[in-house]
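File shown: entry.txt (compact mmCIF, C-alpha atoms).
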```
# COMPACT_ATOMS: atom_id res chain seq x y z
CA MET A 1 -14.26 -20.79 25.18
CA ILE A 2 -13.72 -17.16 24.20
CA SER A 3 -14.28 -16.13 20.60
CA LEU A 4 -13.83 -12.82 18.85
CA PHE A 5 -15.59 -12.15 15.56
CA LYS A 6 -15.09 -9.24 13.16
CA ARG A 7 -18.35 -8.90 11.24
CA HIS A 8 -19.78 -6.71 8.49
CA LYS A 9 -23.05 -6.79 6.58
CA ALA A 10 -21.84 -8.57 3.47
CA LEU A 11 -20.97 -12.07 4.74
CA ALA A 12 -23.06 -14.65 6.56
CA ALA A 13 -21.96 -15.71 10.03
CA LEU A 14 -19.36 -18.43 10.29
CA ALA A 15 -20.38 -21.53 12.19
CA ALA A 16 -18.71 -21.78 15.59
CA SER A 17 -16.20 -24.58 15.84
CA ALA A 18 -16.15 -26.94 18.79
CA LEU A 19 -13.05 -26.51 20.93
CA VAL A 20 -11.56 -29.53 22.67
CA LEU A 21 -9.14 -28.68 25.45
CA ALA A 22 -5.85 -30.51 25.39
CA GLY A 23 -4.42 -32.46 28.30
CA CYS A 24 -1.87 -31.28 30.82
CA THR A 25 1.00 -30.82 28.37
CA HIS A 26 1.03 -27.53 26.42
CA ASP A 27 3.54 -25.45 24.50
CA ASP A 28 4.25 -21.84 25.51
CA SER A 29 1.36 -20.51 23.39
CA SER A 30 -1.22 -22.45 25.40
CA VAL A 31 0.28 -22.89 28.86
CA LEU A 32 -2.20 -24.15 31.45
CA LEU A 33 -2.28 -21.13 33.74
CA SER A 34 -4.25 -22.26 36.76
CA GLU A 35 -7.32 -24.06 37.98
CA GLY A 36 -10.26 -22.39 36.25
CA ASP A 37 -8.36 -21.11 33.21
CA VAL A 38 -10.28 -20.56 29.97
CA THR A 39 -9.53 -20.57 26.27
CA LEU A 40 -9.89 -17.49 24.08
CA ARG A 41 -10.45 -17.91 20.37
CA LEU A 42 -10.37 -14.99 17.92
CA THR A 43 -12.29 -15.54 14.70
CA LEU A 44 -12.50 -12.84 12.05
CA GLU A 45 -15.41 -12.55 9.66
CA THR A 46 -15.32 -9.70 7.17
CA GLY A 47 -17.31 -8.14 4.38
CA LEU A 48 -17.85 -4.80 2.71
CA ALA A 49 -19.43 -1.88 4.49
CA PRO A 50 -22.50 -0.24 2.93
CA ALA A 51 -21.62 1.12 -0.52
CA ASP A 52 -23.49 4.41 -0.22
CA SER A 53 -23.10 7.34 2.16
CA ARG A 54 -25.25 10.43 2.40
CA ALA A 55 -22.99 13.44 2.88
CA GLN A 56 -25.67 15.33 4.79
CA ALA A 57 -26.02 12.63 7.46
CA PRO A 58 -23.07 12.89 9.88
CA ASP A 59 -23.80 9.51 11.43
CA ASP A 60 -23.94 7.60 8.14
CA TYR A 61 -20.87 5.49 7.44
CA GLU A 62 -18.94 5.17 4.23
CA LYS A 63 -17.16 2.12 2.92
CA PRO A 64 -13.35 2.02 3.18
CA SER A 65 -11.63 3.99 0.45
CA GLY A 66 -9.16 1.80 -1.42
CA GLU A 67 -6.43 -0.51 -0.18
CA PHE A 68 -4.98 2.22 2.05
CA GLU A 69 -7.88 1.74 4.50
CA GLN A 70 -7.81 -2.08 4.55
CA ILE A 71 -6.44 -4.30 7.30
CA ASN A 72 -3.16 -6.09 6.62
CA THR A 73 -2.10 -7.12 10.14
CA LEU A 74 -3.85 -7.32 13.48
CA ARG A 75 -2.20 -7.52 16.91
CA VAL A 76 -4.11 -8.58 20.02
CA ILE A 77 -2.57 -7.75 23.41
CA ILE A 78 -4.35 -8.97 26.54
CA VAL A 79 -3.25 -7.38 29.83
CA ARG A 80 -4.16 -8.79 33.25
CA HIS A 81 -5.02 -6.68 36.32
CA LEU A 82 -5.41 -3.44 34.38
CA ASP A 83 -8.44 -1.18 34.83
CA VAL A 84 -9.44 2.23 33.47
CA ASP A 85 -9.91 5.56 35.21
CA PRO A 86 -13.69 6.04 35.48
CA ALA A 87 -13.30 9.80 34.99
CA THR A 88 -11.30 9.68 31.75
CA GLY A 89 -11.77 6.15 30.45
CA MET A 90 -7.99 5.86 30.09
CA PRO A 91 -5.95 2.87 31.34
CA LEU A 92 -4.59 3.41 34.86
CA GLU A 93 -0.91 4.18 35.38
CA GLY A 94 1.64 4.02 38.21
CA ASP A 95 0.80 2.37 41.53
CA ALA A 96 -2.81 1.81 40.46
CA ALA A 97 -1.56 -0.54 37.75
CA LYS A 98 1.54 -1.99 39.41
CA ASP A 99 0.29 -5.57 38.97
CA ALA A 100 -0.53 -5.23 35.27
CA GLU A 101 1.17 -7.86 33.15
CA VAL A 102 1.00 -9.12 29.60
CA GLU A 103 -1.14 -12.23 29.41
CA TYR A 104 -1.04 -12.61 25.65
CA ASN A 105 0.50 -10.81 22.68
CA LYS A 106 -0.02 -12.01 19.15
CA LEU A 107 0.49 -10.47 15.70
CA VAL A 108 -1.66 -11.95 12.97
CA MET A 109 -1.16 -11.58 9.25
CA THR A 110 -4.40 -11.03 7.36
CA SER A 111 -5.56 -11.06 3.78
CA PRO A 112 -5.71 -7.47 2.44
CA GLU A 113 -8.70 -8.46 0.32
CA THR A 114 -10.82 -9.85 3.15
CA GLY A 115 -9.12 -8.97 6.44
CA MET A 116 -9.24 -12.67 7.37
CA PRO A 117 -6.31 -14.15 9.33
CA LEU A 118 -3.89 -16.22 7.30
CA ARG A 119 -2.83 -19.62 8.71
CA ASP A 120 -3.77 -18.81 12.30
CA ASN A 121 -6.53 -20.13 14.57
CA LEU A 122 -6.05 -17.45 17.25
CA GLU A 123 -6.46 -19.45 20.43
CA PHE A 124 -5.43 -18.08 23.84
CA LYS A 125 -5.34 -19.35 27.41
CA VAL A 126 -6.35 -16.70 29.95
CA HIS A 127 -7.23 -16.48 33.64
CA ASP A 128 -10.88 -16.00 34.54
CA ASN A 129 -12.45 -13.89 37.32
CA GLU A 130 -10.24 -10.92 36.41
CA THR A 131 -10.35 -7.43 34.92
CA LYS A 132 -8.43 -7.28 31.66
CA LEU A 133 -7.66 -4.71 29.01
CA ILE A 134 -7.66 -5.91 25.41
CA TYR A 135 -5.60 -3.73 23.06
CA LEU A 136 -6.22 -4.01 19.32
CA ILE A 137 -3.70 -2.65 16.80
CA ALA A 138 -4.13 -3.09 13.06
CA ASN A 139 -1.50 -2.08 10.47
CA GLU A 140 1.09 -1.39 13.16
CA GLU A 141 3.91 -0.99 10.61
CA ALA A 142 2.56 2.50 9.89
CA LEU A 143 3.20 3.64 13.47
CA PRO A 144 6.46 4.92 14.99
CA SER A 145 7.95 3.13 17.97
CA PRO A 146 6.33 4.33 21.23
CA ILE A 147 9.77 4.73 22.81
CA SER A 148 13.08 6.15 21.60
CA ASP A 149 15.17 3.78 23.70
CA GLY A 150 17.04 2.10 20.87
CA VAL A 151 13.90 0.46 19.47
CA SER A 152 13.66 1.32 15.79
CA THR A 153 10.13 0.19 14.89
CA SER A 154 6.74 -0.26 16.49
CA THR A 155 6.80 -3.98 15.70
CA ALA A 156 10.18 -4.40 17.43
CA TYR A 157 8.78 -2.77 20.56
CA LEU A 158 5.48 -4.66 20.51
CA ASP A 159 7.20 -7.99 19.91
CA GLY A 160 9.17 -7.32 23.10
CA LEU A 161 6.03 -7.29 25.26
CA GLU A 162 6.46 -10.88 26.36
CA ARG A 163 3.93 -12.96 28.19
CA GLY A 164 4.17 -12.63 31.97
CA HIS A 165 6.16 -9.38 31.85
CA LYS A 166 5.03 -6.18 33.53
CA PHE A 167 2.97 -3.84 31.36
CA ASN A 168 3.43 -0.05 31.50
CA ALA A 169 0.14 1.51 30.38
CA ALA A 170 1.69 4.99 30.45
CA ILE A 171 3.68 4.16 27.30
CA PHE A 172 0.55 3.27 25.35
CA ASN A 173 -1.35 6.25 26.82
CA GLY A 174 1.31 8.67 25.60
CA TRP A 175 2.12 6.97 22.29
CA ALA A 176 1.88 9.54 19.49
CA ALA A 177 2.33 9.81 15.72
CA SER A 178 2.99 12.92 13.60
CA MET A 179 2.67 14.14 10.05
CA THR A 180 5.76 13.47 7.98
CA GLY A 181 5.37 15.78 5.00
CA ASN A 182 3.26 17.88 2.67
CA PHE A 183 0.09 16.99 0.75
CA PRO A 184 1.28 16.47 -2.85
CA VAL A 185 -1.49 14.98 -4.97
CA ALA A 186 0.44 11.78 -5.74
CA ASP A 187 0.76 10.27 -2.26
CA GLY A 188 0.53 12.94 0.39
CA ASN A 189 -1.16 12.08 3.67
CA MET A 190 -0.39 11.00 7.19
CA PHE A 191 1.32 7.59 7.03
CA ALA A 192 1.91 8.31 3.31
CA HIS A 193 4.89 5.98 3.09
CA SER A 194 3.05 3.13 4.79
CA ARG A 195 1.05 0.27 3.38
CA ALA A 196 -2.15 1.31 5.15
CA VAL A 197 -3.52 3.53 7.89
CA PRO A 198 -3.42 2.07 11.43
CA LEU A 199 -6.54 1.17 13.43
CA THR A 200 -6.51 0.96 17.23
CA GLU A 201 -8.76 0.49 20.25
CA PHE A 202 -8.72 -0.79 23.81
CA PHE A 203 -11.51 -2.30 25.89
CA LYS A 204 -12.00 -3.18 29.53
CA VAL A 205 -13.38 -6.70 29.85
CA GLU A 206 -14.43 -8.57 32.97
CA VAL A 207 -13.82 -12.27 32.45
CA THR A 208 -15.95 -14.04 35.06
CA ARG A 209 -16.89 -17.59 35.96
CA ASN A 210 -20.60 -18.06 36.58
CA SER A 211 -20.46 -21.73 37.68
CA PRO A 212 -17.49 -22.49 39.97
CA GLY A 213 -18.33 -26.23 39.86
CA ARG A 214 -17.45 -26.56 36.17
CA THR A 215 -14.90 -29.26 35.30
CA ASP A 216 -12.74 -29.37 32.19
CA SER A 217 -14.36 -32.64 31.16
CA ASP A 218 -17.90 -31.23 31.34
CA ASN A 219 -18.44 -29.57 27.94
CA SER A 220 -22.12 -28.83 28.50
CA ILE A 221 -21.45 -26.76 31.61
CA ARG A 222 -18.55 -24.99 29.92
CA GLU A 223 -20.68 -24.01 26.93
CA GLY A 224 -23.52 -22.93 29.23
CA GLU A 225 -21.28 -20.40 30.97
CA ALA A 226 -20.90 -18.18 27.90
CA GLN A 227 -20.33 -14.44 28.10
CA SER A 228 -20.42 -12.49 24.84
CA VAL A 229 -18.57 -9.24 24.16
CA HIS A 230 -18.79 -6.95 21.12
CA LEU A 231 -15.66 -4.92 20.19
CA PHE A 232 -14.57 -2.73 17.29
CA LEU A 233 -11.55 -0.95 15.80
CA THR A 234 -11.22 2.78 15.04
CA ARG A 235 -9.05 4.25 12.26
CA ALA A 236 -6.37 6.39 13.86
CA VAL A 237 -6.68 9.26 11.38
CA ALA A 238 -9.11 11.82 10.08
CA LYS A 239 -9.38 12.45 6.36
CA VAL A 240 -10.34 15.43 4.24
CA SER A 241 -11.56 15.81 0.66
CA PHE A 242 -12.55 18.81 -1.46
CA ASN A 243 -15.41 18.95 -3.95
CA VAL A 244 -15.01 21.89 -6.37
CA LYS A 245 -18.29 23.05 -7.96
CA VAL A 246 -18.95 25.93 -10.36
CA ASP A 247 -22.61 26.91 -10.70
CA ASP A 248 -24.32 28.60 -13.63
CA SER A 249 -24.20 32.04 -11.97
CA TYR A 250 -20.41 32.19 -12.15
CA LYS A 251 -19.44 34.65 -14.91
CA ALA A 252 -15.65 34.48 -15.04
CA SER A 253 -13.81 31.93 -17.14
CA GLY A 254 -10.35 30.91 -18.21
CA SER A 255 -8.91 30.29 -14.72
CA ASN A 256 -7.67 27.05 -13.22
CA ILE A 257 -7.33 25.99 -9.59
CA THR A 258 -3.71 25.03 -9.13
CA GLY A 259 -3.67 24.59 -5.35
CA ILE A 260 -5.86 24.10 -2.28
CA ARG A 261 -4.63 25.17 1.16
CA PHE A 262 -5.99 23.37 4.23
CA SER A 263 -5.18 24.83 7.64
CA GLY A 264 -6.01 24.50 11.32
CA PHE A 265 -5.18 20.85 11.97
CA ASN A 266 -2.84 19.37 14.59
CA TRP A 267 0.56 18.08 13.56
CA THR A 268 0.51 15.16 16.03
CA GLU A 269 -2.10 12.81 17.53
CA TYR A 270 -2.30 10.05 20.11
CA VAL A 271 -2.14 6.54 18.67
CA PHE A 272 -5.00 5.30 20.85
CA PRO A 273 -8.20 7.30 21.41
CA HIS A 274 -7.44 9.65 24.31
CA CYS A 275 -10.21 10.46 26.82
CA ALA A 276 -12.66 9.79 24.00
CA THR A 277 -16.42 9.49 24.36
CA TYR A 278 -18.56 7.74 21.78
CA SER A 279 -22.14 7.74 20.64
CA PRO A 280 -23.31 5.08 21.33
CA ASP A 281 -20.95 4.49 24.27
CA LYS A 282 -17.81 2.44 23.79
CA VAL A 283 -18.55 -0.64 25.85
CA ALA A 284 -17.88 -4.33 25.64
CA GLU A 285 -21.48 -5.16 24.72
CA ASP A 286 -23.14 -8.44 25.59
CA PHE A 287 -24.73 -9.33 22.26
CA PRO A 288 -24.69 -7.53 18.91
CA ASP A 289 -27.88 -7.16 16.88
CA TYR A 290 -28.22 -9.50 13.91
CA ASN A 291 -29.85 -9.12 10.51
CA ALA A 292 -32.23 -11.77 9.19
CA ASP A 293 -29.40 -13.36 7.16
CA GLY A 294 -27.25 -13.88 10.25
CA THR A 295 -24.87 -10.97 9.69
CA VAL A 296 -24.21 -8.43 12.42
CA LYS A 297 -25.90 -5.06 12.18
CA GLN A 298 -23.21 -2.42 11.93
CA THR A 299 -23.47 0.15 14.70
CA GLN A 300 -23.15 3.75 13.53
CA ARG A 301 -20.75 4.82 16.27
CA TYR A 302 -18.78 8.04 16.25
CA ILE A 303 -16.60 10.05 18.64
CA THR A 304 -18.31 13.02 20.29
CA SER A 305 -15.40 14.27 22.41
CA PHE A 306 -11.69 13.58 22.83
CA LYS A 307 -8.47 15.10 24.14
CA SER A 308 -6.13 16.12 21.35
CA TYR A 309 -2.35 16.18 21.45
CA GLN A 310 -0.90 19.54 22.49
CA ARG A 311 -0.56 21.83 19.49
CA THR A 312 2.95 22.78 18.43
CA GLN A 313 1.93 26.09 16.88
CA GLN A 314 -0.85 28.59 17.51
CA GLY A 315 -3.73 28.27 15.09
CA GLY A 316 -2.65 24.86 13.87
CA CYS A 317 -0.75 23.70 10.83
CA SER A 318 -1.27 24.72 7.21
CA TYR A 319 -0.47 22.68 4.13
CA ASP A 320 -0.83 23.18 0.43
CA ILE A 321 -2.18 20.61 -2.00
CA THR A 322 -0.33 21.57 -5.15
CA GLY A 323 -0.02 20.40 -8.74
CA LEU A 324 -3.75 20.73 -9.44
CA ASN A 325 -5.26 21.81 -12.73
CA ILE A 326 -9.01 22.16 -12.19
CA PRO A 327 -10.79 24.46 -14.70
CA VAL A 328 -13.10 27.03 -13.09
CA ALA A 329 -15.88 26.75 -15.65
CA LYS A 330 -19.61 26.11 -15.58
CA GLY A 331 -20.44 22.48 -14.87
CA THR A 332 -17.17 21.76 -13.04
CA ASN A 333 -17.62 19.11 -10.34
CA THR A 334 -14.26 17.74 -9.26
CA VAL A 335 -13.28 15.87 -6.07
CA VAL A 336 -9.72 16.17 -4.74
CA GLY A 337 -8.58 13.71 -2.09
CA PRO A 338 -8.95 12.11 0.32
CA PHE A 339 -5.94 13.19 2.34
CA TYR A 340 -5.21 11.91 5.85
CA PHE A 341 -4.28 14.05 8.84
CA PRO A 342 -4.22 13.83 12.68
CA GLU A 343 -7.42 14.20 14.67
CA SER A 344 -7.52 17.87 15.70
CA CYS A 345 -9.22 20.06 18.28
CA PHE A 346 -8.83 23.78 18.91
CA GLU A 347 -8.27 24.66 22.55
CA SER A 348 -8.63 28.41 22.04
CA THR A 349 -9.59 30.82 19.25
CA GLY A 350 -9.19 29.38 15.79
CA THR A 351 -10.89 27.29 13.14
CA PHE A 352 -10.28 25.03 10.17
CA ASN A 353 -10.07 26.84 6.85
CA VAL A 354 -9.57 26.31 3.13
CA GLN A 355 -8.20 28.61 0.44
CA VAL A 356 -7.58 28.17 -3.29
CA GLN A 357 -4.83 29.27 -5.62
CA LEU A 358 -5.69 30.29 -9.19
CA ASP A 359 -3.28 29.91 -12.10
CA GLY A 360 -0.22 29.41 -9.91
CA ASN A 361 -0.32 32.93 -8.46
CA ASN A 362 1.10 33.65 -5.02
CA GLU A 363 -2.25 35.04 -3.86
CA TRP A 364 -4.58 32.58 -2.10
CA LEU A 365 -8.32 33.27 -2.15
CA SER A 366 -10.43 32.72 0.96
CA GLY A 367 -14.03 31.71 0.54
CA THR A 368 -16.96 32.66 2.75
CA PRO A 369 -18.02 29.72 4.96
CA THR A 370 -21.67 28.71 4.69
CA ALA A 371 -23.58 26.44 7.08
CA THR A 372 -21.21 23.81 8.49
CA ASN A 373 -21.49 20.55 10.35
CA ILE A 374 -18.35 20.38 12.48
CA LEU A 375 -17.84 18.69 15.84
CA THR A 376 -17.38 21.16 18.73
CA ILE A 377 -15.60 20.35 22.01
CA GLY A 378 -15.68 22.98 24.75
CA GLY A 379 -17.09 25.45 22.25
CA PHE A 380 -14.22 25.03 19.78
CA PRO A 381 -14.22 23.16 16.44
CA ALA A 382 -12.74 19.68 16.25
CA VAL A 383 -12.31 16.81 13.81
CA ALA A 384 -12.13 13.36 15.42
CA ARG A 385 -10.29 10.29 14.16
CA ASN A 386 -12.27 7.93 11.94
CA THR A 387 -14.19 10.85 10.41
CA HIS A 388 -14.25 12.32 6.93
CA LEU A 389 -14.21 16.12 6.65
CA LYS A 390 -15.81 17.00 3.32
CA TYR A 391 -15.42 20.50 1.94
CA THR A 392 -17.63 21.69 -0.90
CA LEU A 393 -16.02 24.71 -2.63
CA THR A 394 -18.58 26.60 -4.71
CA PHE A 395 -17.88 29.32 -7.29
CA GLY A 396 -20.91 31.51 -8.02
CA ALA A 397 -22.01 35.08 -8.72
CA ALA A 398 -20.98 36.19 -5.23
CA GLY A 399 -17.52 34.64 -5.48
CA MET A 400 -16.28 31.52 -3.72
CA SER A 401 -17.90 29.96 -0.66
CA TRP A 402 -17.32 26.72 1.17
CA GLN A 403 -19.31 24.31 3.28
CA ALA A 404 -17.83 21.64 5.54
CA ILE A 405 -19.52 18.38 6.51
CA GLU A 406 -17.91 16.01 8.99
CA ALA A 407 -19.14 12.44 8.49
CA PRO A 408 -17.86 9.31 10.21
CA TYR A 409 -16.75 6.54 7.93
CA ASN A 410 -17.19 2.94 8.85
CA SER A 411 -15.59 1.35 11.86
CA VAL A 412 -14.30 -2.20 11.61
CA PHE A 413 -16.08 -4.46 14.06
CA LEU A 414 -14.83 -7.29 16.23
CA ASP A 415 -17.54 -9.43 17.82
CA PRO A 416 -15.86 -11.39 20.62
CA TRP A 417 -17.61 -14.22 22.40
CA PHE A 418 -16.27 -15.10 25.83
CA GLY A 419 -17.16 -18.58 27.11
CA LEU A 420 -16.05 -19.97 30.42
```
As C-alpha cells, the full file:
Amino acid sequence: MISLFKRHKALAALAASALVLAGCTHDDSSVLLSEGDVTLRLTLETGLAPADSRAQAPDDYEKPSGEFEQINTLRVIIVRHLDVDPATGMPLEGDAAKDAEVEYNKLVMTSPETGMPLRDNLEFKVHDNETKLIYLIANEEALPSPISDGVSTSTAYLDGLERGHKFNAAIFNGWAASMTGNFPVADGNMFAHSRAVPLTEFFKVEVTRNSPGRTDSDNSIREGEAQSVHLFLTRAVAKVSFNVKVDDSYKASGSNITGIRFSGFNWTEYVFPHCATYSPDKVAEDFPDYNADGTVKQTQRYITSFKSYQRTQQGGCSYDITGLNIPVAKGTNTVVGPFYFPESCFESTGTFNVQVQLDGNNEWLSGTPTATNILTIGGFPAVARNTHLKYTLTFGAAGMSWQAIEAPYNSVFLDPWFGL
C-alpha cells in the first residue's frame, strides 16, 4: 500500500485505513499491471500553518494569505522510468528518458476551506522496483497551456497525458508562465484573473520490493514491507508587500503617497522549480518528525538557489502600484499588498528597487536602502518562489529610506507512505 498525506500542525493524524486488494477483474483506474504490482493511496490531511511570523527571521514561515493562496485542485502525475540529472536535479530529456511513460494521471477537486479531496479515495496501481517521478500540480487552472499546439488550457493538455503514453519531460522542464498586467490595488498580481496561485513540485521516488516472496493474500508481509516518503508543494510565485512608516523625526506634512513603483523583477518564470536547491535538501524523506499530538512537524524549507527564466529586458521589469492615498504624517503605519510576481534573479548588474510618488506628481522619489536580507545567487540579488519580499519604507528627518526582508512563507506538505 502506498499512501500520501498532506499534514499541517493544526489537525491530528488520520487513522490509516486497511486496504483490501480486489481480485483479477479491475476497471481502467486500477488495472492489474504485473506480478508484484502495488497500490498507491493518496490521503490529504490539512490544517492551518502557524499564525505568527517574525519578519526578521528569514526561515520563519507565515500562514497562507487569504483564499488566493489556498488549494482548490490537486493533480498527481506518476511517470515510470524517469530519472533526474544529478548535476541539475532536473528530469532527464531525450534519449536518456526515451522509456518514460505516464503511469497515472489524476485531477482531484478539493475543499477550498480545508484542502481535503472531495469524493475521491485516491488509489493507484503502480509497478514496483522502478524509478519514478511524481509531479504535483495544485490550482492548475491558473497556468497557461505548456504548448501552443492547438491546446487552449493547461487542464486540456494535462488531461491528454493518458496512462501508458510516452511522457516528454522537456515540455514540463520548459513550461513557463508570465505576468499579464499591471499592479492596480484592486486585483493586480501574477495570476490575477485566476481563482488561486498554482503550487508545483516533482520528486524522484524509488519504489522497491524488500521481500520478493510476498503474496497478495499475505497481508502481514505486505504491511511489513512499508517504505515511507515525505513530499511537499511549493507556491509558484513570489510576493511583495510594502509597509509605510513615518517616524517622529519627519517634519514635513500634508503629502500623500499616491503610488509605489517596484522594479527589477522578471516578467516570466518556470512553472516547476528549475535547477533549484533547498535548505534542507529536497528529498523524498523516509519519515517525517511528529509532534506529541500526532501532527507532523512542519519543516522550514526554503530555496537557496535556482535558475531563473531568461530576462526579456535589461534591468528587469518595473510596475506601478497606483490609486493609493496614504498620508505621510507622524504615526503612519500602513501595509500595501501583497502582490504576486515571478521568481527573479539578476544575472548581471542590477537590483530590486522601490520608489514612491507623492500627490500624483510625475516625479518618483527613490529612498536610500538600509540593511537588507535578500537572497544572492552568483553574487547577484534574487527572490525565489514561495518567498515574501517585505519592504519597509520609512520617512524620517533624513528623508525616505527602505529596508527589504525576504522571508519564506509556508509550504504545503504531502506526507506519502509507500507500502509494498
Mind pulling up the distance from atom CA of Phe395 of chain A to atom CA of Cys345 of chain A?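 These two atoms are separated by 28.5 Å.
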Contacts of Thr73 of chain A at 6 Å or less, counting all atoms listed in the file, minus same-chain residues fewer than 2 places along, as a VMD selection string? chain A and resid 71 108 to 110 138 to 139
Residue subset to file, keeping C-alpha atoms, as an mmCIF file, keeping the file's coordinate frame:
```
data_model
loop_
_atom_site.group_PDB
_atom_site.id
_atom_site.type_symbol
_atom_site.label_atom_id
_atom_site.label_comp_id
_atom_site.auth_asym_id
_atom_site.auth_seq_id
_atom_site.Cartn_x
_atom_site.Cartn_y
_atom_site.Cartn_z
ATOM 1 C CA ILE A 71 -6.440 -4.300 7.300
ATOM 2 C CA VAL A 108 -1.660 -11.950 12.970
ATOM 3 C CA MET A 109 -1.160 -11.580 9.250
ATOM 4 C CA THR A 110 -4.400 -11.030 7.360
ATOM 5 C CA ALA A 138 -4.130 -3.090 13.060
ATOM 6 C CA ASN A 139 -1.500 -2.080 10.470
#
```
How many Å separate atom CA of Thr200 of chain A from atom CA of Ile405 of chain A? 24.2 Å
Would you pick out the contacts of segment 169-178 of chain A at 8 Å or less, using all atoms listed in the file, so that residues sharing its chain but fewer than 4 positions from it are not included, and give the list as a PyMOL selection string? chain A and resi 90-94+97+143-144+146-147+190+267-272+274+342
List the neighbours of segment 82-85 of chain A out to 10 Å using only C-alpha atoms; skip same-chain residues closer than 3 positions along the sequence, and give me the result as a list in words. Ile78, Val79, Thr88, Gly89, Met90, Pro91, Leu92, Glu93, Ala96, Ala97, Lys98, Asp99, Ala100, Glu101, Val102, Glu130, Thr131, Lys132, Leu133, Ile134, Phe167, Asn168, Ala169, Phe203, Lys204, Val205, Glu206 and Cys275 of chain A
Emit the selected residues as a short mmCIF file (atom, residue, chain, number, x, y, z; two decimals), in the coordinates of the input, including C-alpha atoms.
```
data_model
loop_
_atom_site.label_atom_id
_atom_site.label_comp_id
_atom_site.auth_asym_id
_atom_site.auth_seq_id
_atom_site.Cartn_x
_atom_site.Cartn_y
_atom_site.Cartn_z
CA ILE A 78 -4.35 -8.97 26.54
CA VAL A 79 -3.25 -7.38 29.83
CA THR A 88 -11.30 9.68 31.75
CA GLY A 89 -11.77 6.15 30.45
CA MET A 90 -7.99 5.86 30.09
CA PRO A 91 -5.95 2.87 31.34
CA LEU A 92 -4.59 3.41 34.86
CA GLU A 93 -0.91 4.18 35.38
CA ALA A 96 -2.81 1.81 40.46
CA ALA A 97 -1.56 -0.54 37.75
CA LYS A 98 1.54 -1.99 39.41
CA ASP A 99 0.29 -5.57 38.97
CA ALA A 100 -0.53 -5.23 35.27
CA GLU A 101 1.17 -7.86 33.15
CA VAL A 102 1.00 -9.12 29.60
CA GLU A 130 -10.24 -10.92 36.41
CA THR A 131 -10.35 -7.43 34.92
CA LYS A 132 -8.43 -7.28 31.66
CA LEU A 133 -7.66 -4.71 29.01
CA ILE A 134 -7.66 -5.91 25.41
CA PHE A 167 2.97 -3.84 31.36
CA ASN A 168 3.43 -0.05 31.50
CA ALA A 169 0.14 1.51 30.38
CA PHE A 203 -11.51 -2.30 25.89
CA LYS A 204 -12.00 -3.18 29.53
CA VAL A 205 -13.38 -6.70 29.85
CA GLU A 206 -14.43 -8.57 32.97
CA CYS A 275 -10.21 10.46 26.82
#
```
Using all atoms listed in the file, which protein or nucleic acid residues come within 6 Å of Trp364 of chain A? Drop anything in the same chain fewer than 6 positions from it, and give the result as a compact mmCIF listing (two decimals) with C-alpha atoms, in the frame of the given file.
```txt
# COMPACT_ATOMS: atom_id res chain seq x y z
CA GLN A 355 -8.20 28.61 0.44
CA VAL A 356 -7.58 28.17 -3.29
CA GLN A 357 -4.83 29.27 -5.62
```
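Ranking A:Ser308, A:Ser253, A:Ser344, A:Ser241 by their shortest atom-to-atom distance to Leu393 of chain A, with all atoms listed in the file included, puts A:Ser241 first.
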Distance of atom CA of Asn362 of chain A from atom CA of Gly323 of chain A, expressed in Å to one decimal place: 13.8 Å
Enumerate, as a list in words, the protein, DNA and RNA residues whose atoms approach (1.0, -1.1, 8.7) to within 10 Å, taking into account all atoms listed in the file and the coordinate frame of the file.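 All residues meeting the 10 Å criterion around (1.0, -1.1, 8.7) are Phe68, Gln70, Ile71, Asn72, Thr73, Leu74, Ile137, Ala138, Asn139, Glu140, Glu141, Ala142, Leu143, Ser154, Thr155, Phe191, His193, Ser194, Arg195, Ala196, Val197, Pro198 and Leu199 of chain A.
The list of residues within 8 Å of (-0.2, -14.0, 23.9), counted using all atoms listed in the file, is Ser29, Val76, Ile77, Ile78, Val102, Glu103, Tyr104, Asn105, Lys106, Phe124, Glu162 and Arg163 of chain A.
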Work out where the centre of an axis-aligned box around every listed atom of segment 307-322 of chain A lies and how long its edges are once 6 Å is added on each side; give both in Å to one decimal as lines of an AutoDock Vina configuration file.
```
center_x = -2.8
center_y = 21.8
center_z = 9.5
size_x = 23.4
size_y = 25.5
size_z = 41.3
```
Between A:Gly160, A:Pro327, A:Gly378, A:Gly396, which has the minimum distance to Ser145 of chain A (counting all atoms listed in the file)? A:Gly160
Rank nothing, just name the residue among A:Phe202, A:Met179, A:Phe339, A:Ala238 nearest to Cys317 of chain A, using all atoms listed in the file.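 Between A:Phe202, A:Met179, A:Phe339, A:Ala238, the residue approaching Cys317 of chain A most closely is A:Met179.
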